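This is coords_37.cif (mmCIF, C-alpha atoms).
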data_entry
#
loop_
_atom_site.group_PDB
_atom_site.id
_atom_site.type_symbol
_atom_site.label_atom_id
_atom_site.label_comp_id
_atom_site.auth_asym_id
_atom_site.auth_seq_id
_atom_site.Cartn_x
_atom_site.Cartn_y
_atom_site.Cartn_z
ATOM 1 C CA MET B 24 88.023 150.758 66.066
ATOM 2 C CA ASN B 25 91.202 148.933 67.097
ATOM 3 C CA ASN B 26 94.299 150.276 65.330
ATOM 4 C CA ARG B 27 97.536 148.889 66.749
ATOM 5 C CA LEU B 28 99.754 149.489 63.710
ATOM 6 C CA ILE B 29 101.692 152.757 63.734
ATOM 7 C CA LEU B 30 103.512 153.741 60.535
ATOM 8 C CA ASP B 31 105.962 156.629 60.497
ATOM 9 C CA GLY B 32 105.734 156.999 56.743
ATOM 10 C CA LEU B 33 105.680 153.768 54.751
ATOM 11 C CA PRO B 34 107.376 150.411 55.368
ATOM 12 C CA VAL B 35 110.858 150.326 53.867
ATOM 13 C CA ILE B 36 111.351 147.278 51.628
ATOM 14 C CA HIS B 37 114.745 145.596 51.920
ATOM 15 C CA ASN B 38 114.084 142.872 49.377
ATOM 16 C CA ALA B 39 111.232 140.880 47.845
ATOM 17 C CA GLY B 40 111.174 137.892 45.550
ATOM 18 C CA GLU B 41 110.672 134.169 45.153
ATOM 19 C CA ASP B 42 112.791 131.191 46.246
ATOM 20 C CA ARG B 43 112.320 127.652 45.003
ATOM 21 C CA ALA B 44 114.073 124.329 45.384
ATOM 22 C CA LYS B 45 116.453 123.318 42.637
ATOM 23 C CA THR B 46 115.333 120.401 40.477
ATOM 24 C CA ASN B 47 115.317 117.130 42.455
ATOM 25 C CA THR B 48 116.995 118.857 45.405
ATOM 26 C CA ARG B 49 115.568 119.527 48.844
ATOM 27 C CA PHE B 50 115.236 123.184 49.807
ATOM 28 C CA PHE B 51 117.619 124.287 52.550
ATOM 29 C CA LYS B 52 118.743 127.563 54.090
ATOM 30 C CA ALA B 53 121.190 127.368 56.968
ATOM 31 C CA MET B 54 120.600 129.126 60.288
ATOM 32 C CA HIS B 55 120.644 132.910 59.823
ATOM 33 C CA ASN B 56 118.829 136.073 60.866
ATOM 34 C CA HIS B 57 117.931 139.505 59.531
ATOM 35 C CA PRO B 58 119.295 142.078 62.008
ATOM 36 C CA ASN B 59 117.664 145.070 60.329
ATOM 37 C CA SER B 60 114.356 143.801 58.972
ATOM 38 C CA THR B 61 111.294 141.663 59.552
ATOM 39 C CA GLU B 62 110.514 139.066 56.879
ATOM 40 C CA ILE B 63 107.213 137.503 55.809
ATOM 41 C CA LEU B 64 107.115 134.311 53.736
ATOM 42 C CA LEU B 65 104.263 132.665 51.856
ATOM 43 C CA THR B 66 104.745 128.997 50.975
ATOM 44 C CA THR B 67 102.869 128.235 47.775
ATOM 45 C CA GLU B 68 104.201 124.684 47.443
ATOM 46 C CA GLY B 69 106.256 122.221 49.479
ATOM 47 C CA ASN B 70 106.287 120.739 52.977
ATOM 48 C CA GLY B 71 109.038 121.108 55.516
ATOM 49 C CA PHE B 72 110.250 121.873 59.011
ATOM 50 C CA TYR B 73 111.574 125.313 59.961
ATOM 51 C CA ASN B 74 113.576 126.035 63.102
ATOM 52 C CA ILE B 75 112.498 129.484 64.272
ATOM 53 C CA ASP B 76 113.966 130.997 67.417
ATOM 54 C CA GLY B 77 114.954 127.523 68.649
ATOM 55 C CA VAL B 78 111.562 125.903 68.019
ATOM 56 C CA THR B 79 110.821 123.498 65.131
ATOM 57 C CA HIS B 80 107.604 124.244 63.213
ATOM 58 C CA GLU B 81 105.944 122.133 60.538
ATOM 59 C CA VAL B 82 105.324 124.192 57.396
ATOM 60 C CA LYS B 83 102.734 123.218 54.795
ATOM 61 C CA PRO B 84 101.630 124.804 51.511
ATOM 62 C CA GLN B 85 99.605 128.018 51.891
ATOM 63 C CA SER B 86 101.366 128.930 55.143
ATOM 64 C CA ILE B 87 102.499 132.360 56.290
ATOM 65 C CA ILE B 88 105.795 132.504 58.204
ATOM 66 C CA VAL B 89 106.824 135.603 60.150
ATOM 67 C CA TYR B 90 110.453 136.232 61.107
ATOM 68 C CA ASN B 91 110.704 139.131 63.536
ATOM 69 C CA LYS B 92 113.789 141.314 63.215
ATOM 70 C CA GLY B 93 116.873 139.505 64.486
ATOM 71 C CA VAL B 94 115.197 136.122 65.023
ATOM 72 C CA TRP B 95 117.397 133.173 64.022
ATOM 73 C CA HIS B 96 115.838 130.641 61.654
ATOM 74 C CA GLU B 97 116.674 127.651 59.467
ATOM 75 C CA GLU B 98 114.557 126.353 56.573
ATOM 76 C CA LYS B 99 114.352 122.726 55.411
ATOM 77 C CA SER B 100 111.681 121.519 52.996
ATOM 78 C CA ASP B 101 111.106 119.208 50.046
ATOM 79 C CA SER B 102 112.053 119.535 46.388
ATOM 80 C CA GLN B 103 108.628 120.984 45.461
ATOM 81 C CA THR B 104 109.167 124.079 47.587
ATOM 82 C CA ILE B 105 108.202 127.513 46.242
ATOM 83 C CA ILE B 106 108.322 130.486 48.621
ATOM 84 C CA LYS B 107 107.461 134.131 48.091
ATOM 85 C CA TYR B 108 109.011 136.604 50.517
ATOM 86 C CA VAL B 109 109.302 140.256 51.464
ATOM 87 C CA ALA B 110 111.636 141.822 54.061
ATOM 88 C CA PHE B 111 110.943 145.307 55.420
ATOM 89 C CA SER B 112 111.446 147.725 58.309
ATOM 90 C CA ASN B 113 109.952 150.964 59.670
ATOM 91 C CA ILE B 114 106.888 149.553 61.420
ATOM 92 C CA LYS B 115 105.724 149.955 65.005
ATOM 93 C CA ILE B 116 102.996 147.925 66.688
ATOM 94 C CA GLN B 117 101.732 148.858 70.132
ATOM 95 C CA GLY B 118 103.281 146.670 72.824
ATOM 96 C CA LEU B 119 106.015 145.271 70.573
ATOM 97 C CA PRO B 120 109.631 146.276 69.845
ATOM 98 C CA ASP B 121 110.273 148.256 66.688
ATOM 99 C CA ASP B 122 109.940 146.154 63.521
ATOM 100 C CA PHE B 123 108.309 143.236 65.370
ATOM 101 C CA LEU B 124 105.115 141.938 63.816
ATOM 102 C CA ILE B 125 104.141 139.307 66.418
ATOM 103 C CA HIS B 126 104.867 138.512 70.079
ATOM 104 C CA ARG B 127 107.769 136.081 70.443
ATOM 105 C CA GLU B 128 105.565 133.592 72.295
ATOM 106 C CA LYS B 129 103.053 133.477 69.436
ATOM 107 C CA ASN B 130 103.246 130.834 66.713
ATOM 108 C CA PRO B 131 105.070 132.421 63.734
ATOM 109 C CA VAL B 132 103.613 129.856 61.289
ATOM 110 C CA PHE B 133 99.928 129.837 60.383
ATOM 111 C CA GLN B 134 97.596 129.104 57.469
ATOM 112 C CA THR B 135 96.454 132.129 55.468
ATOM 113 C CA GLY B 136 92.756 131.244 55.363
ATOM 114 C CA ASP B 137 92.609 133.238 52.106
ATOM 115 C CA PHE B 138 95.540 131.904 50.098
ATOM 116 C CA PHE B 139 94.703 133.394 46.718
ATOM 117 C CA THR B 140 94.380 136.936 48.115
ATOM 118 C CA PHE B 141 97.741 136.680 49.893
ATOM 119 C CA LYS B 142 99.391 135.094 46.844
ATOM 120 C CA GLN B 143 98.201 137.893 44.572
ATOM 121 C CA LEU B 144 99.367 140.515 47.079
ATOM 122 C CA PHE B 145 102.849 138.980 47.303
ATOM 123 C CA GLU B 146 103.076 138.794 43.500
ATOM 124 C CA GLU B 147 102.113 142.464 43.146
ATOM 125 C CA ILE B 148 104.672 143.506 45.789
ATOM 126 C CA ILE B 149 107.439 141.546 44.060
ATOM 127 C CA GLN B 150 106.503 142.875 40.632
ATOM 128 C CA GLU B 151 106.363 146.514 41.738
ATOM 129 C CA ASN B 152 109.505 146.295 43.874
ATOM 130 C CA ASN B 153 111.497 144.924 40.932
ATOM 131 C CA SER B 154 110.001 147.317 38.382
ATOM 132 C CA ASN B 155 111.506 150.484 36.943
ATOM 133 C CA LYS B 156 108.116 152.000 36.226
ATOM 134 C CA VAL B 157 107.150 155.394 37.601
ATOM 135 C CA GLU B 158 106.165 155.267 41.291
ATOM 136 C CA SER B 159 106.693 151.494 41.479
ATOM 137 C CA GLN B 160 108.467 151.741 44.849
ATOM 138 C CA TRP B 161 105.729 153.952 46.260
ATOM 139 C CA ILE B 162 103.128 151.381 45.177
ATOM 140 C CA ALA B 163 105.182 148.455 46.507
ATOM 141 C CA ARG B 164 105.588 150.074 49.934
ATOM 142 C CA HIS B 165 101.853 150.764 50.193
ATOM 143 C CA LEU B 166 101.146 147.140 49.249
ATOM 144 C CA VAL B 167 103.467 145.948 52.029
ATOM 145 C CA GLY B 168 101.418 148.083 54.418
ATOM 146 C CA VAL B 169 98.288 146.293 53.181
ATOM 147 C CA LEU B 170 100.010 142.919 53.651
ATOM 148 C CA ILE B 171 100.975 143.786 57.228
ATOM 149 C CA GLY B 172 97.427 144.914 57.973
ATOM 150 C CA LYS B 173 95.922 141.707 56.577
ATOM 151 C CA ILE B 174 98.320 139.568 58.601
ATOM 152 C CA MET B 175 97.492 141.497 61.781
ATOM 153 C CA ARG B 176 93.791 141.007 61.065
ATOM 154 C CA THR B 177 94.351 137.280 60.500
ATOM 155 C CA LEU B 178 96.215 137.001 63.794
ATOM 156 C CA SER B 179 93.605 139.001 65.702
ATOM 157 C CA ASN B 180 90.888 136.702 64.365
ATOM 158 C CA LYS B 181 92.847 133.596 65.306
ATOM 159 C CA GLU B 182 91.211 133.214 68.714
ATOM 160 C CA THR B 183 87.763 133.378 67.111
ATOM 161 C CA VAL B 184 88.819 130.765 64.592
ATOM 162 C CA HIS B 185 89.974 128.467 67.382
ATOM 163 C CA LYS B 186 86.587 128.828 69.064
ATOM 164 C CA GLN B 187 85.125 127.591 65.811
ATOM 165 C CA SER B 188 87.621 124.714 65.715
ATOM 166 C CA ASN B 189 85.109 122.161 64.468
ATOM 167 C CA GLY B 190 84.099 124.356 61.552
ATOM 168 C CA HIS B 191 87.741 125.157 60.882
ATOM 169 C CA LYS B 192 88.539 121.443 60.793
ATOM 170 C CA ILE B 193 85.722 120.797 58.295
ATOM 171 C CA VAL B 194 86.975 123.537 55.983
ATOM 172 C CA GLU B 195 90.605 122.389 56.219
ATOM 173 C CA GLU B 196 89.632 118.772 55.503
ATOM 174 C CA THR B 197 87.622 119.964 52.508
ATOM 175 C CA LYS B 198 90.588 121.952 51.202
ATOM 176 C CA HIS B 199 92.904 118.995 51.729
ATOM 177 C CA TYR B 200 90.571 116.678 49.829
ATOM 178 C CA ILE B 201 90.387 119.163 46.945
ATOM 179 C CA GLN B 202 94.169 119.533 46.860
ATOM 180 C CA GLU B 203 94.607 115.763 46.702
ATOM 181 C CA ASN B 204 91.775 115.032 44.239
ATOM 182 C CA TYR B 205 91.402 118.181 42.093
ATOM 183 C CA HIS B 206 91.913 116.101 38.929
ATOM 184 C CA GLN B 207 88.733 114.105 39.611
ATOM 185 C CA ASN B 208 85.136 115.037 38.800
ATOM 186 C CA ILE B 209 84.285 116.552 42.200
ATOM 187 C CA LYS B 210 80.834 117.861 43.052
ATOM 188 C CA LEU B 211 79.614 119.671 46.170
ATOM 189 C CA GLY B 212 77.811 116.534 47.323
ATOM 190 C CA ASP B 213 81.043 114.551 47.130
ATOM 191 C CA LEU B 214 82.826 117.080 49.349
ATOM 192 C CA ALA B 215 79.960 117.099 51.847
ATOM 193 C CA GLN B 216 80.116 113.290 52.150
ATOM 194 C CA VAL B 217 83.862 113.433 52.860
ATOM 195 C CA VAL B 218 83.356 115.701 55.896
ATOM 196 C CA TYR B 219 79.978 114.223 56.972
ATOM 197 C CA VAL B 220 77.832 117.349 56.669
ATOM 198 C CA SER B 221 75.063 118.484 54.329
ATOM 199 C CA PRO B 222 75.986 120.244 51.070
ATOM 200 C CA TYR B 223 74.141 123.374 52.231
ATOM 201 C CA TYR B 224 76.000 123.512 55.546
ATOM 202 C CA LEU B 225 79.387 122.942 53.903
ATOM 203 C CA SER B 226 78.769 125.623 51.283
ATOM 204 C CA HIS B 227 77.654 128.149 53.916
ATOM 205 C CA LEU B 228 80.510 127.338 56.327
ATOM 206 C CA PHE B 229 83.209 127.264 53.646
ATOM 207 C CA LYS B 230 82.166 130.609 52.196
ATOM 208 C CA LYS B 231 81.928 132.180 55.644
ATOM 209 C CA MET B 232 85.481 131.131 56.521
ATOM 210 C CA THR B 233 87.241 131.553 53.163
ATOM 211 C CA LYS B 234 85.089 134.117 51.300
ATOM 212 C CA THR B 235 84.643 131.677 48.427
ATOM 213 C CA SER B 236 82.593 128.551 47.724
ATOM 214 C CA PRO B 237 84.050 125.018 47.781
ATOM 215 C CA ILE B 238 83.583 124.644 44.023
ATOM 216 C CA GLN B 239 85.140 128.033 43.301
ATOM 217 C CA TYR B 240 88.107 127.042 45.480
ATOM 218 C CA LEU B 241 88.389 123.822 43.449
ATOM 219 C CA ILE B 242 88.365 125.793 40.191
ATOM 220 C CA GLN B 243 90.972 128.279 41.451
ATOM 221 C CA TYR B 244 93.184 125.467 42.688
ATOM 222 C CA ARG B 245 92.978 123.679 39.335
ATOM 223 C CA ILE B 246 94.013 126.859 37.530
ATOM 224 C CA GLU B 247 96.960 127.392 39.907
ATOM 225 C CA VAL B 248 98.142 123.847 39.185
ATOM 226 C CA ALA B 249 97.653 124.450 35.454
ATOM 227 C CA LYS B 250 99.784 127.621 35.657
ATOM 228 C CA HIS B 251 102.562 125.630 37.296
ATOM 229 C CA LEU B 252 102.399 122.911 34.630
ATOM 230 C CA LEU B 253 102.389 125.462 31.816
ATOM 231 C CA LEU B 254 105.621 126.999 33.091
ATOM 232 C CA THR B 255 107.479 123.883 34.232
ATOM 233 C CA THR B 256 106.541 121.154 31.711
ATOM 234 C CA ASN B 257 106.256 120.619 27.967
ATOM 235 C CA LEU B 258 102.795 119.094 28.257
ATOM 236 C CA THR B 259 100.276 120.232 25.668
ATOM 237 C CA ILE B 260 97.350 122.370 26.773
ATOM 238 C CA THR B 261 95.020 119.420 26.164
ATOM 239 C CA GLU B 262 97.159 117.197 28.401
ATOM 240 C CA ILE B 263 97.249 119.847 31.125
ATOM 241 C CA ALA B 264 93.478 120.294 30.920
ATOM 242 C CA ILE B 265 92.981 116.565 31.554
ATOM 243 C CA LYS B 266 95.549 116.518 34.365
ATOM 244 C CA VAL B 267 93.708 119.237 36.286
ATOM 245 C CA GLY B 268 90.269 117.712 35.872
ATOM 246 C CA TYR B 269 88.823 119.087 32.627
ATOM 247 C CA GLN B 270 87.618 116.683 29.957
ATOM 248 C CA SER B 271 86.844 119.569 27.601
ATOM 249 C CA GLU B 272 89.772 121.692 26.452
ATOM 250 C CA THR B 273 87.342 124.453 25.476
ATOM 251 C CA HIS B 274 85.915 124.548 29.002
ATOM 252 C CA PHE B 275 89.444 124.625 30.422
ATOM 253 C CA GLN B 276 90.506 127.431 28.061
ATOM 254 C CA ASN B 277 87.460 129.536 28.945
ATOM 255 C CA THR B 278 87.837 128.984 32.689
ATOM 256 C CA PHE B 279 91.571 129.713 32.612
ATOM 257 C CA LYS B 280 91.066 132.980 30.731
ATOM 258 C CA LYS B 281 88.267 134.049 33.073
ATOM 259 C CA ILE B 282 90.507 133.610 36.144
ATOM 260 C CA ALA B 283 93.976 134.429 34.783
ATOM 261 C CA GLY B 284 92.946 137.078 32.249
ATOM 262 C CA VAL B 285 94.808 135.369 29.408
ATOM 263 C CA THR B 286 94.564 132.047 27.598
ATOM 264 C CA PRO B 287 96.811 129.135 28.666
ATOM 265 C CA GLY B 288 98.877 129.593 25.518
ATOM 266 C CA GLN B 289 99.375 133.298 26.208
ATOM 267 C CA TYR B 290 100.268 132.564 29.842
ATOM 268 C CA ARG B 291 102.967 130.090 28.787
ATOM 269 C CA ILE B 292 104.520 132.684 26.456
ATOM 270 C CA GLU B 293 104.196 135.798 28.613
ATOM 271 C CA PHE B 294 105.235 134.495 32.034
#
Written as structure tokens, how would this file's structure read?
Amino acid sequence: MNNRLILDGLPVIHNAGEDRAKTNTRFFKAMHNHPNSTEILLTTEGNGFYNIDGVTHEVKPQSIIVYNKGVWHEEKSDSQTIIKYVAFSNIKIQGLPDDFLIHREKNPVFQTGDFFTFKQLFEEIIQENNSNKVESQWIARHLVGVLIGKIMRTLSNKETVHKQSNGHKIVEETKHYIQENYHQNIKLGDLAQVVYVSPYYLSHLFKKMTKTSPIQYLIQYRIEVAKHLLLTTNLTITEIAIKVGYQSETHFQNTFKKIAGVTPGQYRIEF
């Protein structure tokens, strides 16, 4: 057992929420730092370049960004940018200064590998932190501890992932193809042809590295896009269904409810 995280009580949350670019405006935050907290960001949408501790890093959707306490950073990205964030203190990791999550020489920007799990965790932290319900802060602080643990696990597995660089490349190319073509009628065989492997091998590799199948990832991605369209456009549910790759509105409605827990119409009203 390798436990490097030492918590004296629970992480203390300084703030948590969501930032997004204003309509038709590029996202920008001038150079600043957080002298009393570490901050973790999850980019759900948007591409950009972030200057972190004097080094420029390319940031893509589904990236995690870690700002150690006191590290100067500047954020520039496109008009599609949506970022979830949480800032906290009161953590100690062996071999690091107080409230540092990663070594300064390590890359502070990396892909999650399990985007939907991280996205849900961020959403729960933000919801609980901003809630007035009984014990909401206690729950939020425990969830931040879970987030920190998952990020440390991701970082500790990074070397293994690099050793499997060819497999990692296949999975990333598959994800990229899905993200660019989710509105089309994609089958497992189509994805396998794109990355030049057999359908069986792709399915096995993808599930091993992401904990989900390629087709399930496609379905989840379609529903995430549909959620965005429901909240940001006046398109009808039928039009949204077609835009995300469903020819049958009934199939779309059933799939959406299975994943989101509510119908598209309910989601548009309640969120």
Atomic distance CA of Asn189 (chain B) - CA of Glu128 (chain B), expressed in Å with one decimal: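 Result for CA of Asn189 (chain B) versus CA of Glu128 (chain B): 24.7 Å, one decimal.
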To test your reading of the syntax: which residues would the PyMOL selection byres ((chain B and resi 140-146) around 10) return for the file shown? Reply as a short mmCIF file (atom, residue, chain, number, x, y, z; two decimals) with C-alpha atoms, in the coordinates of the input.
data_model
loop_
_atom_site.label_atom_id
_atom_site.label_comp_id
_atom_site.auth_asym_id
_atom_site.auth_seq_id
_atom_site.Cartn_x
_atom_site.Cartn_y
_atom_site.Cartn_z
CA ALA B 39 111.23 140.88 47.84
CA GLY B 40 111.17 137.89 45.55
CA GLU B 41 110.67 134.17 45.15
CA ILE B 63 107.21 137.50 55.81
CA LEU B 64 107.12 134.31 53.74
CA LEU B 65 104.26 132.66 51.86
CA THR B 66 104.74 129.00 50.98
CA THR B 67 102.87 128.24 47.78
CA GLN B 85 99.60 128.02 51.89
CA ILE B 87 102.50 132.36 56.29
CA LYS B 107 107.46 134.13 48.09
CA TYR B 108 109.01 136.60 50.52
CA VAL B 109 109.30 140.26 51.46
CA THR B 135 96.45 132.13 55.47
CA GLY B 136 92.76 131.24 55.36
CA ASP B 137 92.61 133.24 52.11
CA PHE B 138 95.54 131.90 50.10
CA PHE B 139 94.70 133.39 46.72
CA GLU B 147 102.11 142.46 43.15
CA ILE B 148 104.67 143.51 45.79
CA ILE B 149 107.44 141.55 44.06
CA GLN B 150 106.50 142.88 40.63
CA GLU B 151 106.36 146.51 41.74
CA ASN B 152 109.50 146.29 43.87
CA ALA B 163 105.18 148.46 46.51
CA LEU B 166 101.15 147.14 49.25
CA VAL B 167 103.47 145.95 52.03
CA VAL B 169 98.29 146.29 53.18
CA LEU B 170 100.01 142.92 53.65
CA LYS B 173 95.92 141.71 56.58
CA ILE B 174 98.32 139.57 58.60
#
Result set, the PyMOL selection byres ((chain B and resi 263) around 12) on current file, as a ChimeraX atom specification: /B:206,245-262,264-272,275-276,279,287-288,291
Nearby residues (all atoms listed in the file) at most 7 Å from Ile36 (chain B), same-chain spacing under 6 positions excluded, as a count of residues only: 4
Nearest residue to Thr273 (chain B) from the set B:Asn59, B:Trp161, B:Thr286, B:Lys45 (distances using only C-alpha atoms):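 For Thr273 (chain B), the nearest of the candidates is B:Thr286.
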Between CA of Leu211 (chain B) and CA of Glu196 (chain B), distance in Å (one decimal): 13.7 Å
Selection near Ser100 (chain B), 10 Å with only C-alpha atoms, sequence-local residues under 4 positions removed, as a ChimeraX atom specification: /B:44,48-52,68-73,81-83,104-105
Residues near Val220 (chain B), anyone? I mean within 12 Å using all atoms listed in the file, not counting same-chain ones fewer than 3 positions away, as a PDB file with C-alpha atoms, in the frame of the given file.
ATOM      1  CA  ASN B 189      85.109 122.161  64.468  1.00  0.00           C
ATOM      2  CA  GLY B 190      84.099 124.356  61.552  1.00  0.00           C
ATOM      3  CA  ILE B 193      85.722 120.797  58.295  1.00  0.00           C
ATOM      4  CA  VAL B 194      86.975 123.537  55.983  1.00  0.00           C
ATOM      5  CA  GLU B 196      89.632 118.772  55.503  1.00  0.00           C
ATOM      6  CA  THR B 197      87.622 119.964  52.508  1.00  0.00           C
ATOM      7  CA  LEU B 211      79.614 119.671  46.170  1.00  0.00           C
ATOM      8  CA  GLY B 212      77.811 116.534  47.323  1.00  0.00           C
ATOM      9  CA  ASP B 213      81.043 114.551  47.130  1.00  0.00           C
ATOM     10  CA  LEU B 214      82.826 117.080  49.349  1.00  0.00           C
ATOM     11  CA  ALA B 215      79.960 117.099  51.847  1.00  0.00           C
ATOM     12  CA  GLN B 216      80.116 113.290  52.150  1.00  0.00           C
ATOM     13  CA  VAL B 217      83.862 113.433  52.860  1.00  0.00           C
ATOM     14  CA  TYR B 223      74.141 123.374  52.231  1.00  0.00           C
ATOM     15  CA  TYR B 224      76.000 123.512  55.546  1.00  0.00           C
ATOM     16  CA  LEU B 225      79.387 122.942  53.903  1.00  0.00           C
ATOM     17  CA  SER B 226      78.769 125.623  51.283  1.00  0.00           C
ATOM     18  CA  HIS B 227      77.654 128.149  53.916  1.00  0.00           C
ATOM     19  CA  LEU B 228      80.510 127.338  56.327  1.00  0.00           C
ATOM     20  CA  PHE B 229      83.209 127.264  53.646  1.00  0.00           C
TER      21      PHE B 229
END
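Put simply, CA of Phe123 (chain B) is 6.7 Å away from CA of Thr61 (chain B).
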Starting from 5 Å padding per side, set up an axis-aligned box that covers all listed atoms of region 237-255 of chain B and hand over centre and edge lengths in Å, one decimal, as JSON.
{"center_x": 95.5, "center_y": 125.6, "center_z": 39.8, "size_x": 33.9, "size_y": 15.4, "size_z": 26.0}
B:Thr79, B:Ser86, B:Ser154, B:Gln103 ranked by distance to Asn47 (chain B), top pick (using all atoms listed in the file): B:Gln103
Residue nearest Asp76 (chain B) - candidates B:Glu158, B:Glu62, B:Glu195, B:Glu97, atoms counted: only C-alpha atoms: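 Using only C-alpha atoms, Asp76 (chain B) sits closest to B:Glu97.
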The PyMOL selection byres ((chain B and resi 121) around 12) applied to the shown file, residues as a VMD selection string: chain B and resid 28 to 31 34 58 to 61 91 to 93 111 to 120 122 to 126
Which of B:Val285, B:Gly168, B:Lys198, B:Ser236 sits closest to Pro222 (chain B) [using only C-alpha atoms]: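 With only C-alpha atoms as the atom set, the closest residue is B:Ser236.
Using all atoms listed in the file, the nearest neighbour of Thr46 (chain B) within the list B:Ile209, B:Asn74, B:Asp101, B:Leu178 is B:Asp101.
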